[in-house]
Amino acid sequence: MNERIAQYRDKISGYWNNFSKKQKILLVSTLAFIIIAIVVLTMQFTKTEYEVAFRDLNANDAAGVIKYLDSAGIPYQLNDGGTQIAVPTANADKAKVDVGSQGLIQKGSIGMSTFDQSSSAIGMTENEFNVKYNNALNGEVQQLLERMDGVQSSKAVINMPKENIFAGLEEKDKASASVQMEFEPGFTPNQQAIDGYFNLVKTAVPNLPVENITITNKEYELIPTAKGGQGGLSSGVQENMALQKKFESDVRNNVQQFLSKIVGEDKVNVLVMSQLNFDKVTSKEQLVTPVDQTKMKGIEISAQQIQESYTGSSGQTGGVAGTGTQDVPGYPGGSNSGNTSSDKSSSTINYEVNRIAKDIIQSPYTVKDLTINVAVEPPTGQQTLDAATQAAIQNILVNIVRASLANSGVTITDADLAKKVSVFSQTVPAPANSNTFFSASNPWVWGIGAAVLALLAGAIFLIVRGRRKQQEEELEEDLQLMPTPTEFPSITMESVTNESQVRKQLESLAKKKPDEFVNLLRTWLADE
């Protein structure tokens with residue numbers, strides 16, 4: 001067994017000695033690289049990657065989650081002072097679903113589920129029930145608020161009114177709520193979100209008006225619109241400013257895109273300033289117009305005509321006018337009797353006219369003022385724009401301003417329009433996003449490219465030369481390893497006169513070249 005091991009060791013040693021020094025170094029480095037790569041890949045593929053599944057936990061919630069993970073056999077890691085728990089990526093989704101379904105994360109609050117978890121067989125007193133109900137209601141409000149976007153944590157304290165059997169419905173005390181909220185870093189709620197917080201608390205607690213709700217954070221108190229909050233006004237101003245910027249951006253892009261086709265790409269810079277009217281006007285009109293505009297008459301819907309005639313005789317007592325004792329002097333006396341007749345007619349016609357009721361709401365987004373300033377780069381070889389091009393651009397801009405101010409309600413003359421437009425010659429800088437350093441006309445680019453090509457050519461030359469030299473060295477080593485025919489020293493027996501001279505030559509050969517002497521003896525023995 002030992003002899004076989006020795007033979008294997010000798011074979012391996014002989015095989016190893018056949019390699020050159022460079023080949024030995026290359027072989028050892030290759031084996032070391034392969035071993036290191038196998039170890040690294042094995043560690044990488046067998047390493048367990050953890051994912052943070054639960055964040056911002058307090059001590060109670062962290063203890064509940066850890067208890068569940070231990071019972072489920074899921075490994076975990078505590079991070080950030082125990083406020084974060086990381087689990088293996090493969091188990092993260094399952095752990096989140098199980099923890100969420102069991103309601104283990106309460107963030108320091110309890111909900112209505114406390115009545116299911118801790119129910120006494122003999123029941124509870126009224127005071128105990130009220131305390132638990134109040135705590136559960138606080139926890140439910142807190143959990144609802146923390147589900148809102150941007151809310152990191154919250155704490156709610158709700159005071160429920162005491163029932164009074166002697167008070168009427170309108171005389172009952174109202175509930176009150178005090179809420180302290182903490183928002184995520186960089187988050188600032190707008191007025192719409194603030195109103196949402198107040199409405200959520202109001203609808204979650206019975207008999208709770210908005211004026212009895214107080215919501216604060218670490219810096220200031222949140223005020224709803226019902227209490228005179230100005231957030232709605234600020235949000236409206238922000239919306240108006242955004243619309244104004246969008247209008248200016250659209251005008252600028254349209255002008256720049258159109259003029260770029262005339263004077264060239266990246267040779268126009270446009271500045272637009274505007275003023276919009278955001279007043280919303282609502283008016284009503286009650287109009288009555290005739291149906292027939294030519295005759296100014298309506299439609300005849302009804303007509304009534306009445307005609308009367310009378311014929312008869314009349315008689316009065318005669319006498320001298322004003323001669324009686326009781327008569328008025330000069331008063332006419334009665335006329336003689338005779339026949340009388342009279343005619344009377346009347347007609348009534350009812351016409352129907354157009355009755356128009358209009359509710360007019362004027363658009364609040366009307367352009368009150370608009371100015372356009374354009375800087376144009378002159379053509380190559382010119383210092384300024386020619387008069388024809390400048391006049392054409394001026395007319396284009398005037399038409400744009402005239403069309404934009406058509407609904408402003410103000411009469412604007414051509415002279416006023418000319419004052420709102422400005423065109424001048426100036427070298428327009430290249431846009432910030434265009435990198436002129438890497439342009440094809442930059443000599444630095446050509447120089448760097450030539451240097452890179454030279455380095456590549458030199459590297460390729462060195463690699464080819466090294467490979468050729470390595471092949472030559474391997475060829476020389478192969479030739480050295482090939483067995484060379486044994487050259488035996490020639491001893492001329494004819495020139496030797498006696499045995500003493502032969503002996504001297506053999507002794508000299510044995511001393512100087514013992515290997516050749518041994519080979520010579522072997523050859524003689526083989527011949528005999």
# chains A, B, ... in the order shown; residues from 1 in each chain; ligands from 1
call {"tool": "residues_around", "arguments": {"residues": "segment 246-255 of chain A", "least_positions_apart": "6", "cutoff": "7 Å", "atoms": "only C-alpha atoms", "output": "count of residues only"}}
result
5
call {"tool": "closest_residue", "arguments": {"among": "A:Ala415, A:Leu243, A:Val263, A:Ile349", "to": "Pro379 of chain A", "atoms": "only C-alpha atoms"}}
result
A:Val263
call {"tool": "residues_around", "arguments": {"residues": "Asp195 of chain A", "least_positions_apart": "5", "cutoff": "9 Å", "atoms": "only C-alpha atoms", "output": "list in words"}}
result
Asn190, Leu200, Ile223, Pro224, Thr225 and Ala226 of chain A
call {"tool": "write_last_selection", "arguments": {"atoms": "N, CA, C and O atoms", "output": "PDB file, in the first residue's frame"}}
result
ATOM      1  N   ASN A 190     -52.619  69.264   3.045  1.00  0.00           N
ATOM      2  CA  ASN A 190     -53.354  70.405   2.506  1.00  0.00           C
ATOM      3  C   ASN A 190     -54.717  70.506   3.181  1.00  0.00           C
ATOM      4  O   ASN A 190     -55.078  69.692   4.032  1.00  0.00           O
ATOM      5  N   LEU A 200     -63.494  62.367   9.386  1.00  0.00           N
ATOM      6  CA  LEU A 200     -63.331  60.981   9.821  1.00  0.00           C
ATOM      7  C   LEU A 200     -63.628  60.858  11.306  1.00  0.00           C
ATOM      8  O   LEU A 200     -64.350  59.955  11.741  1.00  0.00           O
ATOM      9  N   ILE A 223     -56.760  73.429  11.418  1.00  0.00           N
ATOM     10  CA  ILE A 223     -58.056  74.120  11.451  1.00  0.00           C
ATOM     11  C   ILE A 223     -58.848  73.710  10.213  1.00  0.00           C
ATOM     12  O   ILE A 223     -58.364  73.867   9.081  1.00  0.00           O
ATOM     13  N   PRO A 224     -60.066  73.206  10.385  1.00  0.00           N
ATOM     14  CA  PRO A 224     -60.862  72.825   9.214  1.00  0.00           C
ATOM     15  C   PRO A 224     -61.481  74.048   8.552  1.00  0.00           C
ATOM     16  O   PRO A 224     -61.464  75.167   9.085  1.00  0.00           O
ATOM     17  N   THR A 225     -62.047  73.819   7.386  1.00  0.00           N
ATOM     18  CA  THR A 225     -62.704  74.905   6.661  1.00  0.00           C
ATOM     19  C   THR A 225     -63.908  75.428   7.434  1.00  0.00           C
ATOM     20  O   THR A 225     -64.217  76.625   7.388  1.00  0.00           O
ATOM     21  N   ALA A 226     -64.598  74.549   8.167  1.00  0.00           N
ATOM     22  CA  ALA A 226     -65.764  74.981   8.937  1.00  0.00           C
ATOM     23  C   ALA A 226     -65.404  75.968  10.032  1.00  0.00           C
ATOM     24  O   ALA A 226     -66.228  76.771  10.457  1.00  0.00           O
TER      25      ALA A 226
END
call {"tool": "closest_residue", "arguments": {"among": "A:Glu182, A:Asp515, A:Glu239, A:Glu126", "to": "Glu221 of chain A", "atoms": "only C-alpha atoms"}}
result
A:Glu182
call {"tool": "select_by_dssp", "arguments": {"residues": "segment 126-251 of chain A", "states": "helix (DSSP H, G or I)", "output": "PyMOL selection string"}}
result
chain A and resi 126-146+169-171+191-204+210-212+225-227+231-251
call {"tool": "closest_residue", "arguments": {"among": "A:Val288, A:Ile412, A:Val398, A:Ala156", "to": "Lys358 of chain A", "atoms": "only C-alpha atoms"}}
result
A:Val288
call {"tool": "residues_around", "arguments": {"residues": "segment 90-95 of chain A", "least_positions_apart": "2", "cutoff": "10 Å", "atoms": "only C-alpha atoms", "output": "PyMOL selection string"}}
result
chain A and resi 48-54+65+68-69+72+74-75+86-88+97-101
call {"tool": "write_last_selection", "arguments": {"atoms": "all heavy atoms", "output": "compact mmCIF listing (two decimals), in the first residue's frame"}}
result
# COMPACT_ATOMS: atom_id res chain seq x y z
N THR A 48 -29.20 33.60 3.47
CA THR A 48 -30.61 33.95 3.64
C THR A 48 -30.75 35.47 3.59
O THR A 48 -30.16 36.19 4.40
CB THR A 48 -31.15 33.42 4.97
OG1 THR A 48 -30.97 32.00 5.01
CG2 THR A 48 -32.62 33.75 5.13
N GLU A 49 -31.54 35.96 2.63
CA GLU A 49 -31.77 37.39 2.51
C GLU A 49 -32.99 37.79 3.33
O GLU A 49 -34.04 37.15 3.23
CB GLU A 49 -31.98 37.77 1.04
CG GLU A 49 -30.75 37.56 0.17
CD GLU A 49 -30.96 38.06 -1.24
OE1 GLU A 49 -32.08 38.54 -1.53
OE2 GLU A 49 -30.02 37.97 -2.05
N TYR A 50 -32.81 38.84 4.12
CA TYR A 50 -33.89 39.31 4.99
C TYR A 50 -34.51 40.57 4.41
O TYR A 50 -33.83 41.38 3.77
CB TYR A 50 -33.36 39.58 6.39
CG TYR A 50 -33.15 38.32 7.21
CD1 TYR A 50 -31.99 37.56 7.06
CD2 TYR A 50 -34.11 37.89 8.12
CE1 TYR A 50 -31.79 36.41 7.81
CE2 TYR A 50 -33.92 36.75 8.87
CZ TYR A 50 -32.76 36.00 8.70
OH TYR A 50 -32.58 34.87 9.43
N GLU A 51 -35.79 40.73 4.64
CA GLU A 51 -36.56 41.89 4.19
C GLU A 51 -37.32 42.48 5.38
O GLU A 51 -37.91 41.73 6.18
CB GLU A 51 -37.55 41.47 3.10
CG GLU A 51 -38.47 42.58 2.63
CD GLU A 51 -39.49 42.09 1.64
OE1 GLU A 51 -39.32 40.97 1.11
OE2 GLU A 51 -40.48 42.81 1.39
N VAL A 52 -37.26 43.80 5.49
CA VAL A 52 -37.97 44.46 6.58
C VAL A 52 -39.47 44.38 6.31
O VAL A 52 -39.98 44.97 5.36
CB VAL A 52 -37.51 45.92 6.73
CG1 VAL A 52 -38.29 46.61 7.85
CG2 VAL A 52 -36.02 45.99 7.03
N ALA A 53 -40.16 43.63 7.15
CA ALA A 53 -41.60 43.43 6.95
C ALA A 53 -42.45 44.30 7.87
O ALA A 53 -43.59 44.62 7.52
CB ALA A 53 -41.95 41.96 7.18
N PHE A 54 -41.90 44.70 9.01
CA PHE A 54 -42.68 45.48 9.98
C PHE A 54 -41.84 46.66 10.44
O PHE A 54 -40.68 46.49 10.83
CB PHE A 54 -43.08 44.60 11.17
CG PHE A 54 -43.73 43.30 10.78
CD1 PHE A 54 -43.00 42.13 10.79
CD2 PHE A 54 -45.06 43.26 10.38
CE1 PHE A 54 -43.59 40.92 10.43
CE2 PHE A 54 -45.65 42.07 10.01
CZ PHE A 54 -44.92 40.90 10.03
N VAL A 65 -45.51 40.36 17.54
CA VAL A 65 -45.03 39.83 16.26
C VAL A 65 -43.96 38.78 16.49
O VAL A 65 -43.93 37.73 15.82
CB VAL A 65 -44.50 40.99 15.39
CG1 VAL A 65 -43.85 40.45 14.12
CG2 VAL A 65 -45.63 41.94 15.02
N TYR A 68 -45.48 35.50 17.48
CA TYR A 68 -46.04 34.79 16.33
C TYR A 68 -44.94 34.15 15.49
O TYR A 68 -45.06 32.98 15.07
CB TYR A 68 -46.86 35.73 15.47
CG TYR A 68 -47.05 35.23 14.06
CD1 TYR A 68 -47.92 34.18 13.76
CD2 TYR A 68 -46.30 35.77 13.01
CE1 TYR A 68 -48.05 33.70 12.48
CE2 TYR A 68 -46.42 35.30 11.73
CZ TYR A 68 -47.30 34.26 11.46
OH TYR A 68 -47.42 33.78 10.19
N LEU A 69 -43.84 34.87 15.25
CA LEU A 69 -42.76 34.33 14.42
C LEU A 69 -42.11 33.13 15.08
O LEU A 69 -41.74 32.16 14.41
CB LEU A 69 -41.71 35.43 14.15
CG LEU A 69 -42.18 36.62 13.32
CD1 LEU A 69 -41.08 37.66 13.19
CD2 LEU A 69 -42.64 36.18 11.93
N ALA A 72 -44.42 30.20 14.61
CA ALA A 72 -44.46 29.75 13.22
C ALA A 72 -43.12 29.22 12.74
O ALA A 72 -43.03 28.71 11.61
CB ALA A 72 -44.92 30.88 12.31
N ILE A 74 -40.38 30.99 12.02
CA ILE A 74 -39.82 31.89 11.01
C ILE A 74 -38.69 32.68 11.66
O ILE A 74 -38.89 33.34 12.68
CB ILE A 74 -40.89 32.85 10.47
CG1 ILE A 74 -42.03 32.05 9.82
CG2 ILE A 74 -40.28 33.82 9.46
CD1 ILE A 74 -43.19 32.93 9.35
N PRO A 75 -37.46 32.59 11.13
CA PRO A 75 -36.37 33.38 11.71
C PRO A 75 -36.61 34.87 11.47
O PRO A 75 -37.29 35.27 10.52
CB PRO A 75 -35.13 32.88 10.97
CG PRO A 75 -35.66 32.32 9.69
CD PRO A 75 -37.03 31.78 10.00
N ALA A 86 -37.17 42.22 10.55
CA ALA A 86 -36.91 41.70 9.22
C ALA A 86 -37.04 40.19 9.24
O ALA A 86 -36.60 39.52 10.19
CB ALA A 86 -35.51 42.11 8.75
N VAL A 87 -37.65 39.64 8.20
CA VAL A 87 -37.84 38.20 8.06
C VAL A 87 -37.28 37.79 6.71
O VAL A 87 -37.04 38.63 5.84
CB VAL A 87 -39.34 37.83 8.17
CG1 VAL A 87 -39.88 38.20 9.54
CG2 VAL A 87 -40.15 38.50 7.08
N PRO A 88 -37.03 36.50 6.50
CA PRO A 88 -36.55 36.05 5.18
C PRO A 88 -37.51 36.47 4.08
O PRO A 88 -38.73 36.49 4.26
CB PRO A 88 -36.47 34.53 5.34
CG PRO A 88 -36.26 34.31 6.80
CD PRO A 88 -37.02 35.40 7.48
N VAL A 97 -49.32 38.86 5.91
CA VAL A 97 -50.74 38.51 5.85
C VAL A 97 -51.21 37.94 7.18
O VAL A 97 -52.28 38.30 7.70
CB VAL A 97 -50.99 37.52 4.70
CG1 VAL A 97 -52.43 37.01 4.74
CG2 VAL A 97 -50.72 38.19 3.36
N ASP A 98 -50.42 37.03 7.77
CA ASP A 98 -50.84 36.41 9.04
C ASP A 98 -50.89 37.42 10.16
O ASP A 98 -51.85 37.43 10.97
CB ASP A 98 -49.87 35.28 9.38
CG ASP A 98 -49.98 34.12 8.40
OD1 ASP A 98 -51.00 34.05 7.68
OD2 ASP A 98 -49.05 33.29 8.35
N VAL A 99 -49.89 38.29 10.25
CA VAL A 99 -49.88 39.29 11.32
C VAL A 99 -51.03 40.27 11.15
O VAL A 99 -51.69 40.67 12.11
CB VAL A 99 -48.52 40.02 11.35
CG1 VAL A 99 -48.56 41.22 12.29
CG2 VAL A 99 -47.42 39.06 11.79
N GLY A 100 -51.29 40.68 9.90
CA GLY A 100 -52.40 41.59 9.66
C GLY A 100 -53.75 40.97 9.95
O GLY A 100 -54.65 41.63 10.50
N SER A 101 -53.92 39.70 9.61
CA SER A 101 -55.21 39.05 9.84
C SER A 101 -55.47 38.83 11.33
O SER A 101 -56.62 38.86 11.78
CB SER A 101 -55.26 37.71 9.10
OG SER A 101 -54.25 36.84 9.60
call {"tool": "select_by_dssp", "arguments": {"residues": "segment 141-327 of chain A", "states": "strand (DSSP E or B)", "output": "short mmCIF file (atom, residue, chain, number, x, y, z; two decimals) with N, CA and C atoms, in the first residue's frame"}}
result
data_model
loop_
_atom_site.label_atom_id
_atom_site.label_comp_id
_atom_site.auth_asym_id
_atom_site.auth_seq_id
_atom_site.Cartn_x
_atom_site.Cartn_y
_atom_site.Cartn_z
N VAL A 151 -49.69 59.97 7.41
CA VAL A 151 -49.81 59.95 8.87
C VAL A 151 -48.91 58.84 9.41
N GLN A 152 -47.97 59.22 10.26
CA GLN A 152 -47.05 58.25 10.85
C GLN A 152 -47.61 57.65 12.14
N SER A 153 -48.14 58.48 13.00
CA SER A 153 -48.74 57.99 14.24
C SER A 153 -49.78 58.99 14.72
N SER A 154 -50.63 58.54 15.62
CA SER A 154 -51.68 59.42 16.14
C SER A 154 -52.08 58.93 17.53
N LYS A 155 -52.68 59.83 18.28
CA LYS A 155 -53.21 59.51 19.61
C LYS A 155 -54.50 60.28 19.78
N ALA A 156 -55.57 59.57 20.13
CA ALA A 156 -56.89 60.17 20.23
C ALA A 156 -57.44 59.98 21.64
N VAL A 157 -58.06 61.03 22.16
CA VAL A 157 -58.75 60.98 23.45
C VAL A 157 -60.16 61.53 23.22
N ILE A 158 -61.16 60.68 23.43
CA ILE A 158 -62.55 61.04 23.16
C ILE A 158 -63.31 61.05 24.48
N ASN A 159 -64.03 62.12 24.72
CA ASN A 159 -64.87 62.25 25.91
C ASN A 159 -66.32 62.12 25.50
N SER A 176 -66.67 65.30 22.69
CA SER A 176 -65.49 66.09 22.30
C SER A 176 -64.34 65.13 22.03
N ALA A 177 -63.40 65.57 21.19
CA ALA A 177 -62.26 64.73 20.81
C ALA A 177 -61.02 65.60 20.71
N SER A 178 -59.94 65.07 21.22
CA SER A 178 -58.62 65.70 21.11
C SER A 178 -57.68 64.69 20.45
N VAL A 179 -57.08 65.10 19.34
CA VAL A 179 -56.24 64.19 18.54
C VAL A 179 -54.88 64.84 18.35
N GLN A 180 -53.84 64.06 18.59
CA GLN A 180 -52.48 64.51 18.33
C GLN A 180 -51.91 63.62 17.24
N MET A 181 -51.45 64.23 16.14
CA MET A 181 -50.99 63.48 14.97
C MET A 181 -49.53 63.82 14.69
N GLU A 182 -48.84 62.83 14.16
CA GLU A 182 -47.45 63.01 13.73
C GLU A 182 -47.35 62.54 12.28
N PHE A 183 -46.86 63.43 11.43
CA PHE A 183 -46.81 63.13 10.00
C PHE A 183 -45.42 62.61 9.62
N ILE A 213 -63.90 69.23 17.96
CA ILE A 213 -62.74 68.41 17.61
C ILE A 213 -61.51 69.30 17.56
N THR A 214 -60.44 68.86 18.18
CA THR A 214 -59.16 69.57 18.17
C THR A 214 -58.09 68.60 17.68
N ILE A 215 -57.45 68.97 16.59
CA ILE A 215 -56.38 68.13 16.02
C ILE A 215 -55.12 68.99 15.94
N THR A 216 -54.06 68.49 16.50
CA THR A 216 -52.79 69.21 16.50
C THR A 216 -51.67 68.25 16.11
N GLU A 221 -51.74 73.81 15.18
CA GLU A 221 -53.08 73.22 15.24
C GLU A 221 -53.69 73.21 13.84
N LEU A 222 -54.32 72.10 13.53
CA LEU A 222 -55.00 71.99 12.25
C LEU A 222 -56.40 72.58 12.37
N VAL A 268 -33.93 80.08 -30.80
CA VAL A 268 -35.00 80.94 -30.33
C VAL A 268 -35.15 80.75 -28.82
N ASN A 269 -35.25 81.86 -28.12
CA ASN A 269 -35.53 81.83 -26.68
C ASN A 269 -36.73 82.74 -26.43
N VAL A 270 -37.76 82.20 -25.77
CA VAL A 270 -39.04 82.89 -25.63
C VAL A 270 -39.32 83.10 -24.14
N LEU A 271 -39.76 84.32 -23.82
CA LEU A 271 -40.20 84.67 -22.47
C LEU A 271 -41.64 85.15 -22.54
N VAL A 272 -42.51 84.50 -21.77
CA VAL A 272 -43.95 84.80 -21.80
C VAL A 272 -44.38 85.20 -20.39
N MET A 273 -45.06 86.32 -20.29
CA MET A 273 -45.66 86.77 -19.03
C MET A 273 -47.14 87.02 -19.28
N SER A 274 -47.96 86.54 -18.37
CA SER A 274 -49.41 86.66 -18.56
C SER A 274 -50.07 86.99 -17.24
N GLN A 275 -51.31 87.42 -17.37
CA GLN A 275 -52.17 87.69 -16.21
C GLN A 275 -53.55 87.19 -16.55
N LEU A 276 -54.03 86.23 -15.77
CA LEU A 276 -55.33 85.61 -16.03
C LEU A 276 -56.36 86.13 -15.03
N ASN A 277 -57.59 86.16 -15.49
CA ASN A 277 -58.71 86.57 -14.65
C ASN A 277 -59.40 85.30 -14.14
N VAL A 281 -68.10 84.63 -12.71
CA VAL A 281 -69.27 85.50 -12.73
C VAL A 281 -70.49 84.67 -13.09
N THR A 282 -71.53 84.77 -12.27
CA THR A 282 -72.80 84.08 -12.52
C THR A 282 -73.91 85.13 -12.63
N SER A 283 -74.69 85.09 -13.71
CA SER A 283 -75.77 86.06 -13.93
C SER A 283 -77.00 85.34 -14.49
N LYS A 284 -78.16 85.99 -14.31
CA LYS A 284 -79.43 85.47 -14.81
C LYS A 284 -80.09 86.50 -15.70
N GLU A 285 -80.72 86.05 -16.78
CA GLU A 285 -81.43 86.92 -17.72
C GLU A 285 -82.84 86.39 -17.94
N GLN A 286 -83.81 87.30 -17.87
CA GLN A 286 -85.21 86.99 -18.18
C GLN A 286 -85.58 87.80 -19.42
N LEU A 287 -85.63 87.19 -20.57
CA LEU A 287 -85.86 87.88 -21.85
C LEU A 287 -87.26 87.55 -22.37
N VAL A 288 -87.93 88.62 -22.95
CA VAL A 288 -89.23 88.48 -23.61
C VAL A 288 -89.08 89.04 -25.01
N THR A 289 -89.23 88.19 -26.02
CA THR A 289 -89.04 88.61 -27.41
C THR A 289 -90.25 88.19 -28.23
N ASP A 292 -92.71 86.95 -34.15
CA ASP A 292 -92.49 87.50 -35.48
C ASP A 292 -91.63 88.76 -35.32
N LYS A 297 -94.70 91.01 -33.44
CA LYS A 297 -95.92 90.47 -32.87
C LYS A 297 -95.68 89.04 -32.44
N ILE A 299 -97.65 85.19 -31.14
CA ILE A 299 -98.64 84.26 -31.69
C ILE A 299 -99.99 84.53 -31.03
N GLU A 300 -101.07 84.69 -31.85
CA GLU A 300 -102.42 84.95 -31.33
C GLU A 300 -102.98 83.65 -30.78
N ILE A 301 -103.21 83.63 -29.49
CA ILE A 301 -103.70 82.39 -28.87
C ILE A 301 -105.18 82.49 -28.50
N SER A 302 -105.73 83.72 -28.31
CA SER A 302 -107.17 83.87 -28.01
C SER A 302 -107.61 85.28 -28.42
N ALA A 303 -108.90 85.38 -28.81
CA ALA A 303 -109.47 86.68 -29.23
C ALA A 303 -110.91 86.78 -28.72
N GLN A 304 -111.31 87.98 -28.31
CA GLN A 304 -112.68 88.22 -27.81
C GLN A 304 -113.16 89.57 -28.37
N GLN A 305 -114.37 89.56 -29.02
CA GLN A 305 -114.93 90.77 -29.62
C GLN A 305 -116.37 90.95 -29.11
N ILE A 306 -116.67 92.14 -28.58
CA ILE A 306 -118.00 92.45 -28.02
C ILE A 306 -118.55 93.68 -28.76
N GLN A 307 -119.82 93.59 -29.23
CA GLN A 307 -120.47 94.69 -29.96
C GLN A 307 -121.89 94.87 -29.39
N GLU A 308 -122.26 96.15 -29.02
CA GLU A 308 -123.57 96.47 -28.43
C GLU A 308 -124.21 97.62 -29.25
N SER A 309 -125.53 97.56 -29.40
CA SER A 309 -126.31 98.65 -30.08
C SER A 309 -127.62 98.90 -29.30
N TYR A 310 -128.07 100.16 -29.28
CA TYR A 310 -129.26 100.54 -28.49
C TYR A 310 -130.11 101.51 -29.32
N THR A 311 -131.43 101.28 -29.32
CA THR A 311 -132.40 102.16 -30.01
C THR A 311 -133.61 102.34 -29.10
N GLY A 312 -134.16 103.66 -28.91
CA GLY A 312 -135.31 103.89 -28.03
C GLY A 312 -135.75 105.37 -28.09
N SER A 313 -136.80 105.72 -27.29
CA SER A 313 -137.32 107.10 -27.22
C SER A 313 -137.13 107.63 -25.82
N SER A 314 -137.06 109.00 -25.70
CA SER A 314 -136.88 109.63 -24.39
C SER A 314 -137.88 110.79 -24.27
#
call {"tool": "atom_distance", "arguments": {"atom1": "atom CA of Val205 of chain A", "atom2": "atom CA of Glu146 of chain A"}}
result
16.4 Å
